[in-house]
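Visitor: Sharing a structure, written as C-alpha coordinates. Questions coming.
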Amino acid sequence: MVAVHHRYATVNGHRLFYREAGPADAPTIVLLHGFPTSSHMYRHLIPALADRYHVVAPDYLGAGASDAPPVGEFTYTFDALAELTLGLLDQLGLTEFALYIQDFGSPVGLRIATANPGRVTAIVTQNGNAYVEGLGAGLTQKLAAGALTEDDLRAMVTLEATKGQYLDGSPDPELVSPDVWIHDQALLDRPGAAEIQMALLADYHHNIGLYPKFHEYFRTSQVPVLAVWGGNDEIFVADGARAYARDLPDAEIHLLDAGHFALETQLDAIAGYVRGFLGRVLS
(Lines give C-alpha, C1' and ligand atoms only; values in the text may rest on other atoms or scores of the structure.)
Protein backbone atom coordinates (compact mmCIF):
# COMPACT_ATOMS: atom_id res chain seq x y z
CA MET A 1 0.00 0.00 0.00
CA VAL A 2 1.28 3.46 -0.94
CA ALA A 3 1.28 5.94 1.95
CA VAL A 4 -0.60 9.15 1.07
CA HIS A 5 0.00 12.08 3.42
CA HIS A 6 -2.65 14.75 4.03
CA ARG A 7 -0.95 18.05 4.78
CA TYR A 8 -1.43 21.79 5.14
CA ALA A 9 0.72 24.80 4.35
CA THR A 10 0.07 28.51 4.88
CA VAL A 11 0.51 30.61 1.74
CA ASN A 12 -0.08 34.38 1.81
CA GLY A 13 -1.97 33.95 5.05
CA HIS A 14 -4.25 31.18 3.74
CA ARG A 15 -4.14 27.55 4.86
CA LEU A 16 -4.03 25.27 1.83
CA PHE A 17 -4.56 21.52 1.95
CA TYR A 18 -2.62 19.10 -0.24
CA ARG A 19 -2.15 15.36 -0.65
CA GLU A 20 1.41 14.09 -1.08
CA ALA A 21 2.83 10.67 -1.82
CA GLY A 22 5.83 8.97 -3.36
CA PRO A 23 9.61 9.35 -3.03
CA ALA A 24 10.65 12.95 -2.39
CA ASP A 25 13.64 12.58 -4.74
CA ALA A 26 11.57 11.22 -7.65
CA PRO A 27 10.26 13.39 -10.51
CA THR A 28 7.25 15.39 -9.32
CA ILE A 29 3.80 15.50 -10.90
CA VAL A 30 1.31 18.08 -9.61
CA LEU A 31 -2.36 17.15 -9.97
CA LEU A 32 -4.67 20.17 -10.40
CA HIS A 33 -8.35 19.44 -9.87
CA GLY A 34 -11.50 20.59 -11.61
CA PHE A 35 -14.92 21.97 -10.64
CA PRO A 36 -16.91 21.19 -8.53
CA THR A 37 -14.50 18.83 -6.84
CA SER A 38 -11.10 18.95 -5.11
CA SER A 39 -7.97 16.80 -4.83
CA HIS A 40 -10.45 14.10 -3.82
CA MET A 41 -10.87 13.40 -7.56
CA TYR A 42 -7.29 12.05 -7.56
CA ARG A 43 -7.67 9.76 -4.55
CA HIS A 44 -7.16 6.64 -6.70
CA LEU A 45 -4.69 8.07 -9.23
CA ILE A 46 -2.23 9.18 -6.55
CA PRO A 47 -1.32 5.66 -5.35
CA ALA A 48 -1.32 4.45 -8.97
CA LEU A 49 1.57 6.85 -9.70
CA ALA A 50 3.34 7.24 -6.37
CA ASP A 51 5.51 4.12 -6.57
CA ARG A 52 7.54 5.89 -9.27
CA TYR A 53 6.75 9.60 -8.90
CA HIS A 54 6.51 12.25 -6.22
CA VAL A 55 2.84 13.27 -6.39
CA VAL A 56 1.35 16.49 -5.00
CA ALA A 57 -2.37 17.28 -5.28
CA PRO A 58 -3.51 20.59 -3.74
CA ASP A 59 -6.98 21.94 -3.04
CA TYR A 60 -7.45 25.49 -4.33
CA LEU A 61 -8.47 28.17 -1.90
CA GLY A 62 -12.23 27.79 -1.43
CA ALA A 63 -12.23 24.08 -2.36
CA GLY A 64 -11.93 20.82 -0.49
CA ALA A 65 -10.12 21.08 2.84
CA SER A 66 -8.39 24.41 2.12
CA ASP A 67 -9.43 27.67 3.72
CA ALA A 68 -12.53 29.24 2.19
CA PRO A 69 -12.77 32.93 3.03
CA PRO A 70 -16.14 34.28 1.91
CA VAL A 71 -16.50 36.16 -1.35
CA GLY A 72 -16.70 39.48 0.48
CA GLU A 73 -13.28 38.89 2.05
CA PHE A 74 -11.36 37.48 -0.94
CA THR A 75 -11.61 38.14 -4.68
CA TYR A 76 -11.82 34.72 -6.30
CA THR A 77 -10.25 34.72 -9.76
CA PHE A 78 -8.17 32.23 -11.70
CA ASP A 79 -5.23 34.61 -11.43
CA ALA A 80 -5.53 34.40 -7.64
CA LEU A 81 -5.83 30.60 -7.63
CA ALA A 82 -2.74 30.27 -9.83
CA GLU A 83 -0.75 32.65 -7.62
CA LEU A 84 -1.61 30.75 -4.44
CA THR A 85 -1.02 27.35 -6.03
CA LEU A 86 2.40 28.43 -7.31
CA GLY A 87 3.14 29.83 -3.86
CA LEU A 88 2.44 26.40 -2.39
CA LEU A 89 4.74 24.69 -4.91
CA ASP A 90 7.46 27.23 -4.14
CA GLN A 91 7.05 26.63 -0.42
CA LEU A 92 7.41 22.89 -1.00
CA GLY A 93 10.67 23.55 -2.86
CA LEU A 94 9.45 22.14 -6.16
CA THR A 95 11.73 23.69 -8.78
CA GLU A 96 10.61 21.31 -11.56
CA PHE A 97 7.37 19.42 -12.00
CA ALA A 98 5.00 17.89 -14.51
CA LEU A 99 1.39 19.11 -14.45
CA TYR A 100 -1.82 17.09 -14.67
CA ILE A 101 -4.64 19.50 -15.53
CA GLN A 102 -8.39 18.89 -15.60
CA ASP A 103 -11.24 21.40 -16.03
CA PHE A 104 -10.42 24.37 -13.70
CA GLY A 105 -6.93 22.88 -13.43
CA SER A 106 -6.20 23.89 -17.01
CA PRO A 107 -6.37 27.69 -16.58
CA VAL A 108 -4.64 27.40 -13.21
CA GLY A 109 -1.87 25.15 -14.48
CA LEU A 110 -1.33 26.92 -17.79
CA ARG A 111 -0.96 30.26 -16.01
CA ILE A 112 1.78 28.65 -13.93
CA ALA A 113 3.40 27.09 -17.00
CA THR A 114 3.42 30.24 -19.14
CA ALA A 115 4.98 32.23 -16.30
CA ASN A 116 7.52 29.50 -15.48
CA PRO A 117 8.21 27.55 -18.69
CA GLY A 118 11.56 26.27 -17.50
CA ARG A 119 10.03 24.59 -14.47
CA VAL A 120 7.34 22.53 -16.24
CA THR A 121 8.73 19.23 -17.50
CA ALA A 122 5.54 17.86 -19.10
CA ILE A 123 1.77 18.35 -19.17
CA VAL A 124 -0.98 15.75 -18.95
CA THR A 125 -4.34 17.23 -19.91
CA GLN A 126 -7.44 15.21 -19.05
CA ASN A 127 -10.43 17.23 -20.26
CA GLY A 128 -8.37 20.31 -19.49
CA ASN A 129 -9.31 22.69 -22.28
CA ALA A 130 -7.10 25.32 -23.95
CA TYR A 131 -8.78 25.77 -27.36
CA VAL A 132 -12.10 27.23 -28.50
CA GLU A 133 -12.69 24.00 -30.45
CA GLY A 134 -13.05 22.24 -27.10
CA LEU A 135 -15.88 24.36 -25.79
CA GLY A 136 -19.15 22.44 -25.74
CA ALA A 137 -22.59 23.82 -26.49
CA GLY A 138 -25.20 25.43 -24.25
CA LEU A 139 -23.98 26.65 -20.87
CA THR A 140 -20.35 26.07 -21.81
CA GLN A 141 -20.64 28.67 -24.56
CA LYS A 142 -22.25 31.14 -22.13
CA LEU A 143 -19.53 30.37 -19.61
CA ALA A 144 -16.84 31.16 -22.17
CA ALA A 145 -18.56 34.37 -23.21
CA GLY A 146 -19.10 35.61 -19.65
CA ALA A 147 -22.83 35.61 -20.35
CA LEU A 148 -24.06 33.42 -17.48
CA THR A 149 -27.03 34.82 -15.58
CA GLU A 150 -27.49 34.54 -11.83
CA ASP A 151 -29.95 31.69 -12.47
CA ASP A 152 -27.37 29.93 -14.68
CA LEU A 153 -24.73 30.22 -11.98
CA ARG A 154 -27.10 28.94 -9.30
CA ALA A 155 -28.05 25.98 -11.51
CA MET A 156 -24.39 25.00 -11.93
CA VAL A 157 -23.87 24.42 -8.19
CA THR A 158 -26.92 22.21 -7.61
CA LEU A 159 -26.90 18.49 -6.89
CA GLU A 160 -28.41 17.82 -10.31
CA ALA A 161 -25.55 19.63 -12.05
CA THR A 162 -22.86 17.99 -9.90
CA LYS A 163 -24.29 14.53 -10.51
CA GLY A 164 -24.58 15.24 -14.24
CA GLN A 165 -20.90 16.10 -14.51
CA TYR A 166 -20.07 12.60 -13.32
CA LEU A 167 -22.71 10.64 -15.22
CA ASP A 168 -23.14 12.45 -18.55
CA GLY A 169 -21.14 10.70 -21.23
CA SER A 170 -20.41 7.62 -19.15
CA PRO A 171 -21.22 4.46 -21.15
CA ASP A 172 -22.12 2.67 -17.90
CA PRO A 173 -23.29 5.13 -15.19
CA GLU A 174 -23.56 2.27 -12.71
CA LEU A 175 -19.75 2.18 -12.60
CA VAL A 176 -19.72 5.66 -11.04
CA SER A 177 -20.13 5.61 -7.27
CA PRO A 178 -22.70 8.03 -5.83
CA ASP A 179 -20.07 8.81 -3.19
CA VAL A 180 -18.37 11.24 -5.58
CA TRP A 181 -21.25 13.61 -6.21
CA ILE A 182 -22.52 13.29 -2.63
CA HIS A 183 -19.04 14.28 -1.39
CA ASP A 184 -18.69 17.21 -3.79
CA GLN A 185 -22.19 18.52 -3.14
CA ALA A 186 -21.74 18.33 0.62
CA LEU A 187 -18.76 20.68 0.27
CA LEU A 188 -20.67 22.95 -2.12
CA ASP A 189 -23.53 23.17 0.36
CA ARG A 190 -21.35 24.61 3.13
CA PRO A 191 -22.20 28.25 3.95
CA GLY A 192 -20.64 30.51 1.31
CA ALA A 193 -19.09 27.68 -0.71
CA ALA A 194 -21.49 27.88 -3.66
CA GLU A 195 -20.89 31.63 -3.94
CA ILE A 196 -17.13 31.01 -4.17
CA GLN A 197 -17.55 28.64 -7.10
CA MET A 198 -20.08 30.97 -8.73
CA ALA A 199 -17.51 33.78 -8.56
CA LEU A 200 -14.97 31.57 -10.32
CA LEU A 201 -17.50 30.52 -12.95
CA ALA A 202 -18.27 34.18 -13.57
CA ASP A 203 -14.52 34.83 -13.98
CA TYR A 204 -14.03 31.89 -16.36
CA HIS A 205 -14.37 33.91 -19.58
CA HIS A 206 -11.06 35.64 -18.83
CA ASN A 207 -9.38 32.28 -19.45
CA ILE A 208 -10.51 32.28 -23.08
CA GLY A 209 -8.67 35.54 -23.66
CA LEU A 210 -5.46 33.82 -22.53
CA TYR A 211 -5.73 31.00 -25.07
CA PRO A 212 -3.42 32.73 -27.60
CA LYS A 213 -0.81 33.14 -24.84
CA PHE A 214 -1.13 29.46 -23.96
CA HIS A 215 -0.75 28.49 -27.63
CA GLU A 216 2.39 30.63 -27.96
CA TYR A 217 3.81 28.86 -24.91
CA PHE A 218 3.10 25.49 -26.51
CA ARG A 219 4.75 26.49 -29.80
CA THR A 220 7.85 28.03 -28.27
CA SER A 221 8.45 25.45 -25.54
CA GLN A 222 7.25 22.29 -27.31
CA VAL A 223 6.55 20.99 -23.83
CA PRO A 224 5.73 17.25 -23.95
CA VAL A 225 1.93 16.88 -23.78
CA LEU A 226 -0.33 13.88 -23.25
CA ALA A 227 -4.01 14.55 -23.89
CA VAL A 228 -5.99 11.68 -22.39
CA TRP A 229 -9.62 12.72 -22.65
CA GLY A 230 -13.07 11.51 -21.81
CA GLY A 231 -14.22 11.57 -25.42
CA ASN A 232 -17.92 11.76 -24.55
CA ASP A 233 -17.53 14.93 -22.46
CA GLU A 234 -20.23 17.49 -23.33
CA ILE A 235 -18.49 20.33 -21.46
CA PHE A 236 -15.02 20.16 -23.02
CA VAL A 237 -15.53 18.11 -26.16
CA ALA A 238 -13.10 15.81 -27.93
CA ASP A 239 -12.00 18.44 -30.44
CA GLY A 240 -10.32 20.19 -27.52
CA ALA A 241 -7.96 17.24 -27.17
CA ARG A 242 -7.25 17.04 -30.90
CA ALA A 243 -6.48 20.77 -31.05
CA TYR A 244 -3.31 20.38 -28.98
CA ALA A 245 -1.65 18.78 -32.01
CA ARG A 246 -1.92 22.06 -33.92
CA ASP A 247 0.73 23.71 -31.75
CA LEU A 248 2.38 20.54 -30.48
CA PRO A 249 2.84 18.09 -33.39
CA ASP A 250 4.31 15.47 -31.07
CA ALA A 251 1.41 15.59 -28.61
CA GLU A 252 0.12 12.15 -27.64
CA ILE A 253 -3.69 12.08 -27.83
CA HIS A 254 -6.06 9.38 -26.59
CA LEU A 255 -9.87 9.62 -26.54
CA LEU A 256 -11.53 7.30 -24.03
CA ASP A 257 -15.10 6.05 -23.79
CA ALA A 258 -15.90 8.25 -20.80
CA GLY A 259 -17.30 11.61 -19.78
CA HIS A 260 -15.96 14.69 -18.02
CA PHE A 261 -14.60 12.90 -14.93
CA ALA A 262 -13.00 10.05 -16.84
CA LEU A 263 -10.93 8.86 -13.87
CA GLU A 264 -14.07 7.44 -12.25
CA THR A 265 -14.40 4.75 -14.93
CA GLN A 266 -11.07 4.75 -16.80
CA LEU A 267 -8.53 4.87 -13.96
CA ASP A 268 -6.41 1.96 -15.17
CA ALA A 269 -6.24 3.20 -18.75
CA ILE A 270 -5.38 6.77 -17.72
CA ALA A 271 -2.78 5.68 -15.16
CA GLY A 272 -1.20 3.42 -17.79
CA TYR A 273 -1.01 6.22 -20.36
CA VAL A 274 0.41 8.65 -17.79
CA ARG A 275 3.06 6.21 -16.54
CA GLY A 276 4.13 5.35 -20.08
CA PHE A 277 4.22 8.99 -21.17
CA LEU A 278 6.16 10.27 -18.16
CA GLY A 279 8.50 7.31 -18.34
CA ARG A 280 9.43 8.31 -21.89
CA VAL A 281 9.61 12.10 -21.62
CA LEU A 282 11.21 12.40 -18.17
CA SER A 283 13.86 9.71 -18.62
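Simple scheme: letters A, B, ... for chains in C-alpha coordinates order, numbers from 1 for residues in each chain, numbers from 1 for ligands in the order shown.
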Report as a list of chain:residue names all protein, DNA and RNA residues lying within 9 Å of A:Tyr76, evaluated on only C-alpha atoms, omitting residues in the same chain fewer than 5 positions from it.
Guide: A:Leu61, A:Gly62, A:Val71, A:Leu81, A:Ile196, A:Gln197, A:Ala199, A:Leu200, A:Asp203
Visitor: Considering only C-alpha atoms, tabulate each residue of stretch 32-58 of chain A that lies at most 9 Å from stretch 167-181 of chain A along with its nearest interatomic pair and the corresponding distance in Å to one decimal; arrange the rows by chain and ascending residue number and present them as CSV.
Guide:
```
residue,atom,partner,partner_atom,distance
A:Thr37,CA,A:Trp181,CA,8.6
A:His40,CA,A:Val180,CA,8.6
A:Met41,CA,A:Val180,CA,8.0
```
Visitor: So which one's closest to A:Arg275, A:Gly240, A:Pro58, A:Pro27, A:Gly87? Using only C-alpha atoms, please.
Guide: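 Ranking A:Gly240, A:Pro58, A:Pro27, A:Gly87 by distance to A:Arg275, first place goes to A:Pro27.
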Visitor: Applying 12 Å and only C-alpha atoms, which residues near A:Thr162 remain after dropping the ones on its own chain fewer than 6 positions away? List them as an NGL selection string.
Guide: :A and (34-37 or 154-156 or 168 or 178-189 or 194 or 260-261)
Visitor: For the residues selected in the previous step, produce a file with N, CA and C atoms as a tab-separated table (two decimals), in the first residue's frame.
Guide:
```tsv
chain	number	residue	atom	x	y	z
A	34	GLY	N	-10.47	19.85	-10.90
A	34	GLY	CA	-11.50	20.59	-11.61
A	34	GLY	C	-12.62	21.04	-10.70
A	35	PHE	N	-13.69	21.53	-11.31
A	35	PHE	CA	-14.92	21.97	-10.64
A	35	PHE	C	-15.96	20.89	-10.86
A	36	PRO	N	-16.77	20.57	-9.85
A	36	PRO	CA	-16.91	21.19	-8.53
A	36	PRO	C	-16.23	20.38	-7.45
A	37	THR	N	-15.11	19.77	-7.76
A	37	THR	CA	-14.50	18.83	-6.84
A	37	THR	C	-13.26	19.42	-6.19
A	154	ARG	N	-26.48	29.71	-10.38
A	154	ARG	CA	-27.10	28.94	-9.30
A	154	ARG	C	-27.35	27.49	-9.74
A	155	ALA	N	-27.77	27.33	-10.99
A	155	ALA	CA	-28.05	25.98	-11.51
A	155	ALA	C	-26.79	25.13	-11.57
A	156	MET	N	-25.64	25.75	-11.75
A	156	MET	CA	-24.39	25.00	-11.93
A	156	MET	C	-23.81	24.49	-10.61
A	168	ASP	N	-22.95	12.15	-17.13
A	168	ASP	CA	-23.14	12.45	-18.55
A	168	ASP	C	-21.93	11.97	-19.35
A	178	PRO	N	-22.03	6.82	-6.31
A	178	PRO	CA	-22.70	8.03	-5.83
A	178	PRO	C	-21.88	8.80	-4.80
A	179	ASP	N	-20.89	8.14	-4.19
A	179	ASP	CA	-20.07	8.81	-3.19
A	179	ASP	C	-19.45	10.09	-3.74
A	180	VAL	N	-19.12	10.10	-5.04
A	180	VAL	CA	-18.37	11.24	-5.58
A	180	VAL	C	-19.22	12.50	-5.63
A	181	TRP	N	-20.44	12.39	-6.14
A	181	TRP	CA	-21.25	13.61	-6.21
A	181	TRP	C	-21.84	13.97	-4.84
A	182	ILE	N	-22.07	12.98	-3.99
A	182	ILE	CA	-22.52	13.29	-2.63
A	182	ILE	C	-21.42	14.05	-1.88
A	183	HIS	N	-20.17	13.61	-2.03
A	183	HIS	CA	-19.04	14.28	-1.39
A	183	HIS	C	-18.89	15.71	-1.89
A	184	ASP	N	-18.87	15.88	-3.22
A	184	ASP	CA	-18.69	17.21	-3.79
A	184	ASP	C	-19.82	18.16	-3.39
A	185	GLN	N	-21.05	17.65	-3.43
A	185	GLN	CA	-22.19	18.52	-3.14
A	185	GLN	C	-22.22	18.91	-1.67
A	186	ALA	N	-21.79	17.99	-0.81
A	186	ALA	CA	-21.74	18.33	0.62
A	186	ALA	C	-20.79	19.51	0.86
A	187	LEU	N	-19.68	19.55	0.13
A	187	LEU	CA	-18.76	20.68	0.27
A	187	LEU	C	-19.34	21.95	-0.35
A	188	LEU	N	-20.03	21.80	-1.48
A	188	LEU	CA	-20.67	22.95	-2.12
A	188	LEU	C	-21.77	23.55	-1.26
A	189	ASP	N	-22.40	22.72	-0.45
A	189	ASP	CA	-23.53	23.17	0.36
A	189	ASP	C	-23.11	23.82	1.67
A	194	ALA	N	-20.92	27.76	-2.31
A	194	ALA	CA	-21.49	27.88	-3.66
A	194	ALA	C	-21.15	29.25	-4.26
A	260	HIS	N	-16.80	13.61	-18.52
A	260	HIS	CA	-15.96	14.69	-18.02
A	260	HIS	C	-14.97	14.22	-16.95
A	261	PHE	N	-15.46	13.43	-15.99
A	261	PHE	CA	-14.60	12.90	-14.93
A	261	PHE	C	-14.21	11.46	-15.27
```
Visitor: Restricting the calculation to only C-alpha atoms, which member of A:Thr85, A:Asn232, A:Gln222, A:Pro70 is positioned closest to A:Met198?
Guide: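 Among the listed residues, the smallest separation from A:Met198 belongs to A:Pro70.
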Visitor: Report, in Å to a single decimal, how far apart atom CA of A:Ser38 and atom CA of A:Ser66 are.
Guide: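 Computed distance, atom CA of A:Ser66 to atom CA of A:Ser38, equals 9.5 Å.
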Visitor: Given the choices A:His205, A:Arg15, A:His6, A:Arg119, which gets closest to A:Thr77 if the distance is worked out from only C-alpha atoms?
Guide: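 Using only C-alpha atoms, A:Thr77 sits closest to A:His205.
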Visitor: May I have all residues of stretch 12-216 of chain A that DSSP, computed from the backbone, assigns to alpha helix (DSSP H), given as a PyMOL selection string?
Guide: chain A and resi 45-49+78-91+105-115+139-145+150-155+159-167+178-188+193-203+205-209+211-216
Visitor: For a test of reading the model, state the distance in Å between atom CA of A:His14 and atom CA of A:Arg190, rounded to one decimal.
Guide: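 We find that atom CA of A:His14 and atom CA of A:Arg190 lie 18.3 Å from each other.
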Visitor: For each of A:Val120, A:Ile29, A:Ala21, A:Val157, take the minimum atom-to-atom distance to A:Glu195, counting only C-alpha atoms, then give the residue where this is smallest.
Guide: A:Val157
Visitor: Here is a test: counting only C-alpha atoms, which residue of A:Pro224, A:Gly22, A:Pro191, A:Pro69 is nearest to A:Ala57?
Guide: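 Closest to A:Ala57, using only C-alpha atoms: A:Gly22.
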Visitor: Could you name the residues that touch A:Ala122 at 9 Å or less, counting only C-alpha atoms, but leaving out those on the same chain fewer than 5 positions away, as an NGL selection string?
Guide: :A and (29 or 97-100 or 223-226 or 278 or 281-282)
Visitor: What's around A:Ala82 at 8 Å? Count only C-alpha atoms, leave out sequence neighbours fewer than 6 positions away in its own chain, and write the answer as a PyMOL selection string.
Guide: chain A and resi 108-109+111-112
Visitor: Any idea what's packed within 7 Å of A:Gln126, counting only C-alpha atoms, ignoring anything in its chain fewer than 3 positions away? Could you give it as a PyMOL selection string?
Guide: chain A and resi 101-102+227-229
Visitor: Which of these residues is nearest to A:Thr10, using only C-alpha atoms: A:Thr114, A:Asn129, A:Gln91, A:Thr28?
Guide: A:Gln91
Visitor: Give me every strand (DSSP E or B) residue in stretch 30-260 of chain A, going by DSSP on the backbone, as a ChimeraX atom specification.
Guide: /A:30-32,54-58,97-101,120-125,135,225-230,236,252-256
Visitor: How many Å lie between atom CA of A:Leu143 and atom CA of A:Gly164, rounded to one decimal?
Guide: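 According to the coordinates, atom CA of A:Leu143 and atom CA of A:Gly164 are separated by 16.8 Å.
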Visitor: For A:Gly118, please output as a PyMOL selection string all residues within 9 Å (counting only C-alpha atoms; exclusion window: fewer than 4 positions along the same chain).
Guide: chain A and resi 96+113+221
